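A.B. asks: This is the content of upload.cif (mmCIF, C-alpha atoms):
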data_work
loop_
_atom_site.group_PDB
_atom_site.id
_atom_site.type_symbol
_atom_site.label_atom_id
_atom_site.label_comp_id
_atom_site.auth_asym_id
_atom_site.auth_seq_id
_atom_site.Cartn_x
_atom_site.Cartn_y
_atom_site.Cartn_z
ATOM 1 C CA MET V 1 16.361 -17.323 26.543
ATOM 2 C CA GLU V 2 15.946 -13.618 27.182
ATOM 3 C CA GLN V 3 14.667 -13.084 23.655
ATOM 4 C CA GLY V 4 12.173 -15.907 24.238
ATOM 5 C CA ILE V 5 10.890 -14.241 27.407
ATOM 6 C CA LEU V 6 10.477 -10.949 25.600
ATOM 7 C CA THR V 7 8.467 -12.567 22.810
ATOM 8 C CA ALA V 8 6.393 -14.368 25.468
ATOM 9 C CA ILE V 9 5.432 -11.021 27.010
ATOM 10 C CA ARG V 10 4.296 -9.850 23.596
ATOM 11 C CA THR V 11 2.547 -13.053 22.463
ATOM 12 C CA VAL V 12 0.607 -14.020 25.624
ATOM 13 C CA PRO V 13 -2.354 -11.632 25.682
ATOM 14 C CA LEU V 14 -2.955 -9.657 28.856
ATOM 15 C CA ASP V 15 -6.506 -11.062 28.966
ATOM 16 C CA HIS V 16 -5.156 -14.512 29.731
ATOM 17 C CA TYR V 17 -3.189 -13.240 32.720
ATOM 18 C CA VAL V 18 -6.349 -11.465 33.902
ATOM 19 C CA LEU V 19 -8.395 -14.667 33.559
ATOM 20 C CA LEU V 20 -5.759 -16.783 35.349
ATOM 21 C CA SER V 21 -5.606 -14.266 38.157
ATOM 22 C CA PHE V 22 -9.418 -14.178 38.510
ATOM 23 C CA LEU V 23 -9.499 -17.969 38.520
ATOM 24 C CA LEU V 24 -6.945 -18.152 41.337
ATOM 25 C CA PHE V 25 -8.835 -15.446 43.246
ATOM 26 C CA GLY V 26 -12.109 -17.360 42.850
ATOM 27 C CA ILE V 27 -10.495 -20.581 44.080
ATOM 28 C CA GLY V 28 -9.093 -18.724 47.091
ATOM 29 C CA ALA V 29 -12.427 -17.066 47.897
ATOM 30 C CA ALA V 30 -14.250 -20.400 47.595
ATOM 31 C CA GLY V 31 -11.648 -21.979 49.878
ATOM 32 C CA VAL V 32 -12.179 -19.342 52.566
ATOM 33 C CA ALA V 33 -15.896 -20.142 52.590
ATOM 34 C CA LEU V 34 -15.422 -23.876 52.128
ATOM 35 C CA ARG V 35 -12.956 -24.939 54.789
ATOM 36 C CA ARG V 36 -13.261 -24.994 58.582
ATOM 37 C CA ASN V 37 -9.563 -25.416 59.335
ATOM 38 C CA THR V 38 -8.228 -21.933 60.162
ATOM 39 C CA ILE V 39 -4.752 -22.664 58.793
ATOM 40 C CA ILE V 40 -6.202 -23.566 55.376
ATOM 41 C CA VAL V 41 -8.359 -20.416 55.452
ATOM 42 C CA LEU V 42 -5.131 -18.422 55.994
ATOM 43 C CA MET V 43 -3.500 -20.249 53.075
ATOM 44 C CA CYS V 44 -6.459 -19.419 50.828
ATOM 45 C CA ILE V 45 -6.040 -15.743 51.773
ATOM 46 C CA GLU V 46 -2.392 -16.036 50.693
ATOM 47 C CA LEU V 47 -3.615 -17.505 47.407
ATOM 48 C CA MET V 48 -5.867 -14.480 46.848
ATOM 49 C CA PHE V 49 -2.974 -12.107 47.658
ATOM 50 C CA ASN V 50 -0.866 -13.899 45.076
ATOM 51 C CA SER V 51 -3.478 -13.739 42.340
ATOM 52 C CA VAL V 52 -3.628 -9.964 42.794
ATOM 53 C CA ASN V 53 0.179 -9.793 42.786
ATOM 54 C CA LEU V 54 0.283 -11.704 39.500
ATOM 55 C CA LEU V 55 -2.248 -9.311 37.982
ATOM 56 C CA LEU V 56 -0.249 -6.255 39.073
ATOM 57 C CA ALA V 57 2.988 -7.748 37.742
ATOM 58 C CA ALA V 58 1.363 -8.621 34.403
ATOM 59 C CA PHE V 59 -0.038 -5.110 33.954
ATOM 60 C CA SER V 60 3.309 -3.634 35.031
ATOM 61 C CA ALA V 61 5.220 -5.703 32.460
ATOM 62 C CA HIS V 62 2.734 -4.958 29.676
ATOM 63 C CA HIS V 63 2.753 -1.231 30.376
ATOM 64 C CA SER V 64 6.533 -1.049 30.969
ATOM 65 C CA ASP V 65 5.930 0.670 34.317
ATOM 66 C CA PRO V 66 7.962 -0.518 37.346
ATOM 67 C CA ARG V 67 5.526 1.090 39.830
ATOM 68 C CA GLY V 68 3.213 -1.920 39.598
ATOM 69 C CA GLN V 69 6.033 -4.188 40.694
ATOM 70 C CA VAL V 70 6.816 -1.895 43.634
ATOM 71 C CA PHE V 71 3.173 -2.319 44.660
ATOM 72 C CA VAL V 72 3.605 -6.104 44.521
ATOM 73 C CA PHE V 73 6.629 -5.685 46.798
ATOM 74 C CA PHE V 74 4.538 -3.767 49.334
ATOM 75 C CA ILE V 75 1.732 -6.332 49.174
ATOM 76 C CA MET V 76 4.312 -9.018 49.966
ATOM 77 C CA LEU V 77 5.448 -7.005 53.008
ATOM 78 C CA VAL V 78 1.880 -6.663 54.276
ATOM 79 C CA ALA V 79 1.199 -10.355 53.616
ATOM 80 C CA ALA V 80 4.256 -11.351 55.644
ATOM 81 C CA ALA V 81 3.126 -9.214 58.606
ATOM 82 C CA GLU V 82 -0.421 -10.553 58.265
ATOM 83 C CA VAL V 83 0.745 -14.161 58.304
ATOM 84 C CA THR V 84 2.830 -13.727 61.476
ATOM 85 C CA VAL V 85 -0.081 -12.126 63.342
ATOM 86 C CA GLY V 86 -2.605 -14.603 61.919
ATOM 87 C CA LEU V 87 -0.542 -17.633 62.878
ATOM 88 C CA SER V 88 0.059 -16.309 66.389
ATOM 89 C CA ILE V 89 -3.694 -15.797 66.785
ATOM 90 C CA LEU V 90 -4.096 -19.381 65.550
ATOM 91 C CA VAL V 91 -1.674 -20.628 68.222
ATOM 92 C CA MET V 92 -3.611 -18.666 70.875
ATOM 93 C CA MET V 93 -6.879 -20.120 69.591
ATOM 94 C CA LYS V 94 -5.494 -23.640 69.833
ATOM 95 C CA ARG V 95 -4.371 -22.851 73.394
ATOM 96 C CA ILE V 96 -7.737 -21.414 74.485
ATOM 97 C CA VAL V 97 -10.384 -23.577 72.810
ATOM 98 C CA ASP V 98 -8.084 -26.497 71.854
ATOM 99 C CA SER V 99 -9.266 -26.465 68.255
ATOM 100 C CA VAL V 100 -8.466 -24.727 64.965
ATOM 101 C CA ASP V 101 -12.053 -24.853 63.709
ATOM 102 C CA VAL V 102 -13.257 -21.428 62.531
ATOM 103 C CA ASP V 103 -16.816 -22.315 63.535
ATOM 104 C CA GLN V 104 -15.636 -22.368 67.181
ATOM 105 C CA MET V 105 -14.930 -18.652 67.013
ATOM 106 C CA ASN V 106 -18.487 -17.423 67.497
ATOM 107 C CA ARG V 107 -18.345 -15.497 70.775
ATOM 108 C CA LEU V 108 -18.774 -12.136 69.080
ATOM 109 C CA LYS V 109 -21.908 -13.352 67.306
ATOM 110 C CA GLY V 110 -24.855 -11.090 68.222
ATOM 111 C CA MET F 1 7.649 -19.679 25.152
ATOM 112 C CA ALA F 2 3.982 -18.767 25.034
ATOM 113 C CA ALA F 3 3.121 -22.457 25.501
ATOM 114 C CA LEU F 4 5.089 -22.330 28.762
ATOM 115 C CA PHE F 5 2.570 -19.810 30.080
ATOM 116 C CA TYR F 6 -0.344 -22.188 29.575
ATOM 117 C CA ILE F 7 1.525 -25.117 31.158
ATOM 118 C CA LEU F 8 2.373 -22.958 34.189
ATOM 119 C CA ALA F 9 -1.181 -21.624 34.353
ATOM 120 C CA ALA F 10 -2.567 -25.174 34.422
ATOM 121 C CA LEU F 11 -0.036 -26.095 37.129
ATOM 122 C CA SER F 12 -1.001 -23.129 39.309
ATOM 123 C CA VAL F 13 -4.736 -23.771 38.961
ATOM 124 C CA ILE F 14 -4.402 -27.496 39.712
ATOM 125 C CA SER F 15 -2.209 -26.857 42.755
ATOM 126 C CA ALA F 16 -4.588 -24.115 43.965
ATOM 127 C CA LEU F 17 -7.490 -26.573 43.722
ATOM 128 C CA THR F 18 -5.412 -29.095 45.683
ATOM 129 C CA VAL F 19 -4.850 -26.474 48.420
ATOM 130 C CA VAL F 20 -8.602 -26.066 48.822
ATOM 131 C CA GLY F 21 -9.531 -29.718 48.364
ATOM 132 C CA ALA F 22 -6.872 -31.680 50.262
ATOM 133 C CA ARG F 23 -7.946 -33.237 53.554
ATOM 134 C CA ASN F 24 -4.474 -33.280 55.083
ATOM 135 C CA PRO F 25 -3.126 -29.776 55.919
ATOM 136 C CA VAL F 26 0.443 -30.841 55.013
ATOM 137 C CA THR F 27 -0.745 -31.741 51.494
ATOM 138 C CA SER F 28 -2.306 -28.286 51.272
ATOM 139 C CA VAL F 29 0.957 -26.621 52.292
ATOM 140 C CA ILE F 30 2.996 -28.584 49.737
ATOM 141 C CA ALA F 31 0.436 -27.785 47.019
ATOM 142 C CA LEU F 32 0.607 -24.105 47.967
ATOM 143 C CA VAL F 33 4.421 -24.229 47.673
ATOM 144 C CA VAL F 34 4.009 -25.670 44.149
ATOM 145 C CA CYS F 35 1.489 -22.931 43.355
ATOM 146 C CA PHE F 36 3.843 -20.200 44.615
ATOM 147 C CA LEU F 37 6.774 -21.623 42.634
ATOM 148 C CA SER F 38 4.651 -21.648 39.472
ATOM 149 C CA ILE F 39 3.692 -18.017 40.152
ATOM 150 C CA ALA F 40 7.412 -17.223 40.550
ATOM 151 C CA ALA F 41 7.911 -18.826 37.129
ATOM 152 C CA HIS F 42 5.141 -16.567 35.797
ATOM 153 C CA TYR F 43 7.123 -13.590 37.121
ATOM 154 C CA VAL F 44 10.232 -14.814 35.282
ATOM 155 C CA LEU F 45 8.115 -15.136 32.148
ATOM 156 C CA LEU F 46 7.032 -11.505 32.643
ATOM 157 C CA ASN F 47 10.734 -10.553 32.936
ATOM 158 C CA ALA F 48 10.083 -9.424 36.544
ATOM 159 C CA GLN F 49 13.256 -11.010 37.868
ATOM 160 C CA PHE F 50 13.433 -9.008 41.098
ATOM 161 C CA LEU F 51 9.869 -10.020 41.987
ATOM 162 C CA ALA F 52 10.549 -13.665 41.171
ATOM 163 C CA MET F 53 13.499 -13.781 43.568
ATOM 164 C CA VAL F 54 11.713 -11.880 46.360
ATOM 165 C CA HIS F 55 8.646 -14.073 45.894
ATOM 166 C CA VAL F 56 10.624 -17.304 46.248
ATOM 167 C CA ILE F 57 12.516 -15.989 49.284
ATOM 168 C CA VAL F 58 9.542 -14.445 51.120
ATOM 169 C CA TYR F 59 6.729 -16.862 50.282
ATOM 170 C CA THR F 60 8.297 -20.254 49.702
ATOM 171 C CA GLY F 61 11.230 -19.604 52.009
ATOM 172 C CA ALA F 62 9.672 -17.797 54.952
ATOM 173 C CA ILE F 63 5.873 -17.883 54.946
ATOM 174 C CA MET F 64 5.378 -21.513 53.942
ATOM 175 C CA VAL F 65 8.051 -22.667 56.407
ATOM 176 C CA LEU F 66 6.136 -20.725 59.081
ATOM 177 C CA PHE F 67 2.912 -22.505 58.072
ATOM 178 C CA LEU F 68 4.604 -25.927 58.199
ATOM 179 C CA PHE F 69 6.178 -25.012 61.531
ATOM 180 C CA VAL F 70 2.799 -24.115 63.056
ATOM 181 C CA ILE F 71 1.189 -27.274 61.636
ATOM 182 C CA MET F 72 3.898 -29.413 63.201
ATOM 183 C CA LEU F 73 3.841 -27.411 66.461
ATOM 184 C CA LEU F 74 0.086 -27.797 66.894
ATOM 185 C CA ASN F 75 0.076 -31.417 65.679
ATOM 186 C CA LEU F 76 -2.347 -30.718 62.835
ATOM 187 C CA ASN F 77 -0.605 -33.044 60.392
ATOM 188 C CA LYS F 78 -3.510 -35.460 60.182
ATOM 189 C CA PRO F 79 -6.692 -35.321 58.079
ATOM 190 C CA ASP F 80 -9.086 -32.914 59.804
ATOM 191 C CA GLY F 81 -12.304 -34.395 61.154
ATOM 192 C CA PRO F 82 -15.265 -32.018 60.961
ATOM 193 C CA ARG F 83 -16.245 -30.603 57.585
ATOM 194 C CA LYS F 84 -18.956 -28.197 56.597
ATOM 195 C CA SER F 85 -22.238 -29.703 55.455
ATOM 196 C CA LEU F 86 -22.613 -30.650 51.799
ATOM 197 C CA ALA F 87 -24.993 -27.726 51.167
ATOM 198 C CA MET F 88 -22.505 -25.245 52.649
ATOM 199 C CA ARG F 89 -19.642 -26.679 50.600
ATOM 200 C CA LEU F 90 -21.731 -26.606 47.427
ATOM 201 C CA ALA F 91 -22.779 -23.016 48.148
ATOM 202 C CA ALA F 92 -19.158 -21.973 48.722
ATOM 203 C CA ALA F 93 -17.978 -23.604 45.479
ATOM 204 C CA VAL F 94 -20.840 -22.003 43.519
ATOM 205 C CA ALA F 95 -20.084 -18.611 45.100
ATOM 206 C CA GLY F 96 -16.405 -18.844 44.125
ATOM 207 C CA GLY F 97 -17.322 -19.923 40.594
ATOM 208 C CA LEU F 98 -19.843 -17.109 40.245
ATOM 209 C CA LEU F 99 -17.250 -14.592 41.456
ATOM 210 C CA PHE F 100 -14.884 -15.797 38.722
ATOM 211 C CA ILE F 101 -17.594 -15.725 36.037
ATOM 212 C CA THR F 102 -18.694 -12.212 37.037
ATOM 213 C CA LEU F 103 -15.143 -10.840 36.977
ATOM 214 C CA ALA F 104 -14.316 -12.594 33.696
ATOM 215 C CA ALA F 105 -17.532 -11.353 32.071
ATOM 216 C CA ALA F 106 -16.845 -7.802 33.259
ATOM 217 C CA VAL F 107 -13.441 -7.882 31.573
ATOM 218 C CA ARG F 108 -14.788 -9.518 28.406
ATOM 219 C CA GLN F 109 -17.682 -7.089 27.974
ATOM 220 C CA GLY F 110 -17.059 -3.810 29.686
ATOM 221 C CA VAL F 111 -13.395 -3.032 30.268
ATOM 222 C CA GLN F 112 -11.096 -2.334 27.352
ATOM 223 C CA ILE F 113 -7.449 -3.010 28.176
ATOM 224 C CA PRO F 114 -5.323 -0.568 26.167
ATOM 225 C CA PRO F 115 -2.230 -2.033 24.509
ATOM 226 C CA ALA F 116 1.197 -1.089 25.786
ATOM 227 C CA ALA F 117 2.695 2.024 24.249
ATOM 228 C CA GLY F 118 6.483 1.824 24.140
ATOM 229 C CA PHE F 119 7.871 -1.515 25.296
ATOM 230 C CA ASP F 120 10.824 -1.453 27.704
ATOM 231 C CA PRO F 121 12.318 -4.912 28.436
ATOM 232 C CA GLY F 122 14.370 -3.725 31.441
ATOM 233 C CA VAL F 123 11.371 -2.726 33.553
ATOM 234 C CA GLY F 124 11.415 -5.711 35.919
ATOM 235 C CA LEU F 125 15.127 -5.717 36.645
ATOM 236 C CA VAL F 126 16.525 -4.782 40.065
ATOM 237 C CA ARG F 127 17.882 -1.506 38.706
ATOM 238 C CA SER F 128 14.553 -0.002 37.591
ATOM 239 C CA VAL F 129 12.418 -1.415 40.434
ATOM 240 C CA GLY F 130 14.988 -0.328 43.019
ATOM 241 C CA HIS F 131 15.221 3.124 41.529
ATOM 242 C CA VAL F 132 11.457 3.666 41.778
ATOM 243 C CA LEU F 133 11.324 2.062 45.244
ATOM 244 C CA PHE F 134 13.976 4.341 46.729
ATOM 245 C CA THR F 135 12.865 7.593 45.098
ATOM 246 C CA GLU F 136 9.130 7.732 44.548
ATOM 247 C CA PHE F 137 8.134 5.167 47.194
ATOM 248 C CA LEU F 138 10.736 5.917 49.862
ATOM 249 C CA LEU F 139 8.210 7.040 52.488
ATOM 250 C CA PRO F 140 5.944 3.949 52.158
ATOM 251 C CA PHE F 141 9.076 1.808 52.299
ATOM 252 C CA GLU F 142 10.113 3.371 55.612
ATOM 253 C CA VAL F 143 6.554 3.217 56.972
ATOM 254 C CA SER F 144 6.446 -0.502 56.200
ATOM 255 C CA SER F 145 9.306 -0.984 58.674
ATOM 256 C CA VAL F 146 7.046 0.563 61.353
ATOM 257 C CA LEU F 147 4.345 -1.894 60.280
ATOM 258 C CA PHE F 148 6.769 -4.758 60.846
ATOM 259 C CA LEU F 149 7.772 -3.372 64.232
ATOM 260 C CA SER F 150 4.116 -3.231 65.316
ATOM 261 C CA ALA F 151 3.593 -6.781 64.007
ATOM 262 C CA ILE F 152 6.577 -7.988 66.054
ATOM 263 C CA VAL F 153 5.311 -6.244 69.211
ATOM 264 C CA GLY F 154 1.800 -7.607 68.655
ATOM 265 C CA VAL F 155 2.976 -11.170 68.176
ATOM 266 C CA VAL F 156 5.196 -11.039 71.275
ATOM 267 C CA MET F 157 2.267 -9.643 73.277
ATOM 268 C CA LEU F 158 -0.021 -12.441 72.047
ATOM 269 C CA ALA F 159 2.416 -15.231 72.839
ATOM 270 C CA LYS F 160 3.905 -13.922 76.097
ATOM 271 C CA LYS F 161 3.162 -15.430 79.490
ATOM 272 C CA ASP F 162 3.538 -13.860 82.920
ATOM 273 C CA LYS F 163 6.052 -15.191 85.451
ATOM 274 C CA ASP F 164 3.374 -17.465 86.950
ATOM 275 C CA GLY F 165 2.389 -18.869 83.540
ATOM 276 C CA THR F 166 -0.729 -16.732 82.935
ATOM 277 C CA ASP F 167 -1.291 -15.737 79.306
ATOM 278 C CA GLN F 168 -0.993 -11.982 78.959
ATOM 279 C CA ALA F 169 -3.524 -11.748 76.148
ATOM 280 C CA THR F 170 -6.270 -13.877 77.703
ATOM 281 C CA ASP F 171 -5.545 -14.041 81.471
ATOM 282 C CA ILE F 172 -5.783 -17.818 81.362
ATOM 283 C CA THR F 173 -3.741 -19.341 84.189
ATOM 284 C CA GLU F 174 -1.567 -22.445 84.037
ATOM 285 C CA ALA F 175 -4.045 -24.378 86.215
ATOM 286 C CA GLU F 176 -7.001 -23.391 84.024
ATOM 287 C CA ARG F 177 -5.129 -24.555 80.933
ATOM 288 C CA ALA F 178 -4.319 -27.898 82.550
ATOM 289 C CA ARG F 179 -7.993 -28.297 83.543
ATOM 290 C CA ARG F 180 -9.111 -27.612 79.967
ATOM 291 C CA ALA F 181 -6.543 -29.960 78.479
ATOM 292 C CA ALA F 182 -7.697 -32.800 80.789
#
Could I get this file's structure written as structure tokens?
C.D. replies:
Amino acid sequence: MEQGILTAIRTVPLDHYVLLSFLLFGIGAAGVALRRNTIIVLMCIELMFNSVNLLLAAFSAHHSDPRGQVFVFFIMLVAAAEVTVGLSILVMMKRIVDSVDVDQMNRLKG
Amino acid sequence: MAALFYILAALSVISALTVVGARNPVTSVIALVVCFLSIAAHYVLLNAQFLAMVHVIVYTGAIMVLFLFVIMLLNLNKPDGPRKSLAMRLAAAVAGGLLFITLAAAVRQGVQIPPAAGFDPGVGLVRSVGHVLFTEFLLPFEVSSVLFLSAIVGVVMLAKKDKDGTDQATDITEAERARRAA
């Protein structure tokens, strides 16, 4: 099993991890623009965070440098804090305008 | 083992598309859980065992439960009504696709990724990650606890009500909220 994982790191080219990560990032970015439900917009942001995490972990494994994985750890910390604040803003929004539609949030529009 | 990567990659892309495309928010959450689990499997495949465990615990265990909790709390577990116009949706999909094509083309044409020098299989284990985390990155690690403290204080401030039921963040009174709900 472990030997298989080690050969997998060597045989799967780094390019393919990069492409997968870009694909996930593109899907997340499209989702942020596509959806009106705030909770799904937040989930798409999580998706983009995770694509970047995957990229950092892949580069870290291919370069045998644990610093990249420490960065992923910190991104996870920031994402957790971001989600708690984002969801509490969502609850406030539901309380104030009784909707979770992002298009309702236009009071700061010039 | 290399074939496993492509199966997992297909799984993550399909579940990510489901997150964006599903009409019911609960379906989106479940698809995102599948996507996160497949990314955790990618971490195992990269021999980043510490990351795989932390990812499952933090994302699938904590964050997605929080999302489901909020969906159930706010009664959003039904297909959402209003959608963006077809032109807007098409534009968003094209923009996302173009972003991917631009990034992929930049990597294909311009950036050369150098091959790894010496290969160390133990790099993703708890021992090496923990050693770097608690020596080189000790200060950021401690600062992140301050970040969490400020997040906790901020969330409590947002959700707190006064004794008479007025929201602290918005100054909306109990009576005003009842009027709006009616």
A.B. asks: Give me, as a tab-separated table, the closest atom pair and its distance (Å, one decimal) for every residue of chain V within a cut-off of 7 Å of chain F, counting all atoms listed in the file, rows sorted by chain and rising number.
C.D. replies:
residue	atom	partner	partner_atom	distance
V:Gly4	CA	F:Met1	CA	6.0
V:Ile5	CA	F:Leu45	CA	5.6
V:Leu6	CA	F:Pro121	CA	6.9
V:Ala8	CA	F:Ala2	CA	5.0
V:Ile9	CA	F:Leu46	CA	5.9
V:Thr11	CA	F:Ala2	CA	6.4
V:Val12	CA	F:Ala2	CA	5.9
V:Leu19	CA	F:Ala104	CA	6.3
V:Leu20	CA	F:Ala9	CA	6.7
V:Phe22	CA	F:Phe100	CA	5.7
V:Leu23	CA	F:Phe100	CA	5.8
V:Leu24	CA	F:Val13	CA	6.5
V:Gly26	CA	F:Gly96	CA	4.7
V:Ile27	CA	F:Gly96	CA	6.2
V:Ala29	CA	F:Gly96	CA	5.8
V:Ala30	CA	F:Gly96	CA	4.4
V:Gly31	CA	F:Val20	CA	5.2
V:Ala33	CA	F:Ala92	CA	5.4
V:Leu34	CA	F:Arg89	CA	5.3
V:Arg36	CA	F:Arg83	CA	6.4
V:Ile40	CA	F:Pro25	CA	7.0
V:Ala58	CA	F:Leu46	CA	6.6
V:Ala61	CA	F:Leu46	CA	6.1
V:His62	CA	F:Ala116	CA	5.7
V:His63	CA	F:Ala116	CA	4.8
V:Ser64	CA	F:Asp120	CA	5.4
V:Asp65	CA	F:Val123	CA	6.5
V:Pro66	CA	F:Val129	CA	5.5
V:Arg67	CA	F:Val132	CA	6.8
V:Gln69	CA	F:Val129	CA	7.0
V:Val70	CA	F:Leu133	CA	6.2
V:Ala80	CA	F:Ile63	CA	6.8
V:Ala81	CA	F:Ala151	CA	5.9
V:Val85	CA	F:Val155	CA	5.8
V:Ser88	CA	F:Val155	CA	6.2
A.B. asks: Please write the residues from the selection above to a file, keeping C-alpha atoms, as a compact mmCIF listing (two decimals), keeping the file's coordinate frame.
C.D. replies:
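result37.txt written:
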# COMPACT_ATOMS: atom_id res chain seq x y z
CA GLY V 4 12.17 -15.91 24.24
CA ILE V 5 10.89 -14.24 27.41
CA LEU V 6 10.48 -10.95 25.60
CA ALA V 8 6.39 -14.37 25.47
CA ILE V 9 5.43 -11.02 27.01
CA THR V 11 2.55 -13.05 22.46
CA VAL V 12 0.61 -14.02 25.62
CA LEU V 19 -8.40 -14.67 33.56
CA LEU V 20 -5.76 -16.78 35.35
CA PHE V 22 -9.42 -14.18 38.51
CA LEU V 23 -9.50 -17.97 38.52
CA LEU V 24 -6.94 -18.15 41.34
CA GLY V 26 -12.11 -17.36 42.85
CA ILE V 27 -10.50 -20.58 44.08
CA ALA V 29 -12.43 -17.07 47.90
CA ALA V 30 -14.25 -20.40 47.60
CA GLY V 31 -11.65 -21.98 49.88
CA ALA V 33 -15.90 -20.14 52.59
CA LEU V 34 -15.42 -23.88 52.13
CA ARG V 36 -13.26 -24.99 58.58
CA ILE V 40 -6.20 -23.57 55.38
CA ALA V 58 1.36 -8.62 34.40
CA ALA V 61 5.22 -5.70 32.46
CA HIS V 62 2.73 -4.96 29.68
CA HIS V 63 2.75 -1.23 30.38
CA SER V 64 6.53 -1.05 30.97
CA ASP V 65 5.93 0.67 34.32
CA PRO V 66 7.96 -0.52 37.35
CA ARG V 67 5.53 1.09 39.83
CA GLN V 69 6.03 -4.19 40.69
CA VAL V 70 6.82 -1.90 43.63
CA ALA V 80 4.26 -11.35 55.64
CA ALA V 81 3.13 -9.21 58.61
CA VAL V 85 -0.08 -12.13 63.34
CA SER V 88 0.06 -16.31 66.39
A.B. asks: Could you write out as AutoDock Vina command-line options the box around range 49-60 of chain V (axis-aligned, all atoms listed in the file, 6 Å on each side), with centre and edge lengths in Å to one decimal?
C.D. replies:
--center_x -0.2 --center_y -8.8 --center_z 40.8 --size_x 18.9 --size_y 22.3 --size_z 25.7
A.B. asks: Could you check how far CA of Glu46 in chain V sits from CA of Asn106 in chain V, in Å to one decimal?
C.D. replies: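 Atom-to-atom, CA of Glu46 in chain V and CA of Asn106 in chain V are spaced 23.3 Å apart.
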A.B. asks: Please identify all polymer residues lying at most 8 Å from the point (-2.4, -9.5, 47.1) (file coordinates), using all atoms listed in the file, and present the result as a PyMOL selection string.
C.D. replies: chain V and resi 46+48-53+72+75-76+79
A.B. asks: Find the distance between CA of Arg35 in chain V and CA of Lys78 in chain F and write it in Å to one decimal.
C.D. replies: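 Spanning CA of Arg35 in chain V to CA of Lys78 in chain F is a straight-line distance of 15.1 Å.
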A.B. asks: Between CA of Ile57 in chain F and CA of Ser15 in chain F, measure the distance and give it in Å to one decimal.
C.D. replies: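 Distance reported for this atom pair: 19.4 Å.
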A.B. asks: Quick one: everything within 9 Å of Val100 in chain V, counting all atoms listed in the file, minus sequence neighbours fewer than 2 positions away in the same chain. Send it as JSON, numbers by chain.
C.D. replies: {"V": [36, 37, 38, 39, 90, 91, 93, 94, 97, 98, 102, 103, 104], "F": [76]}
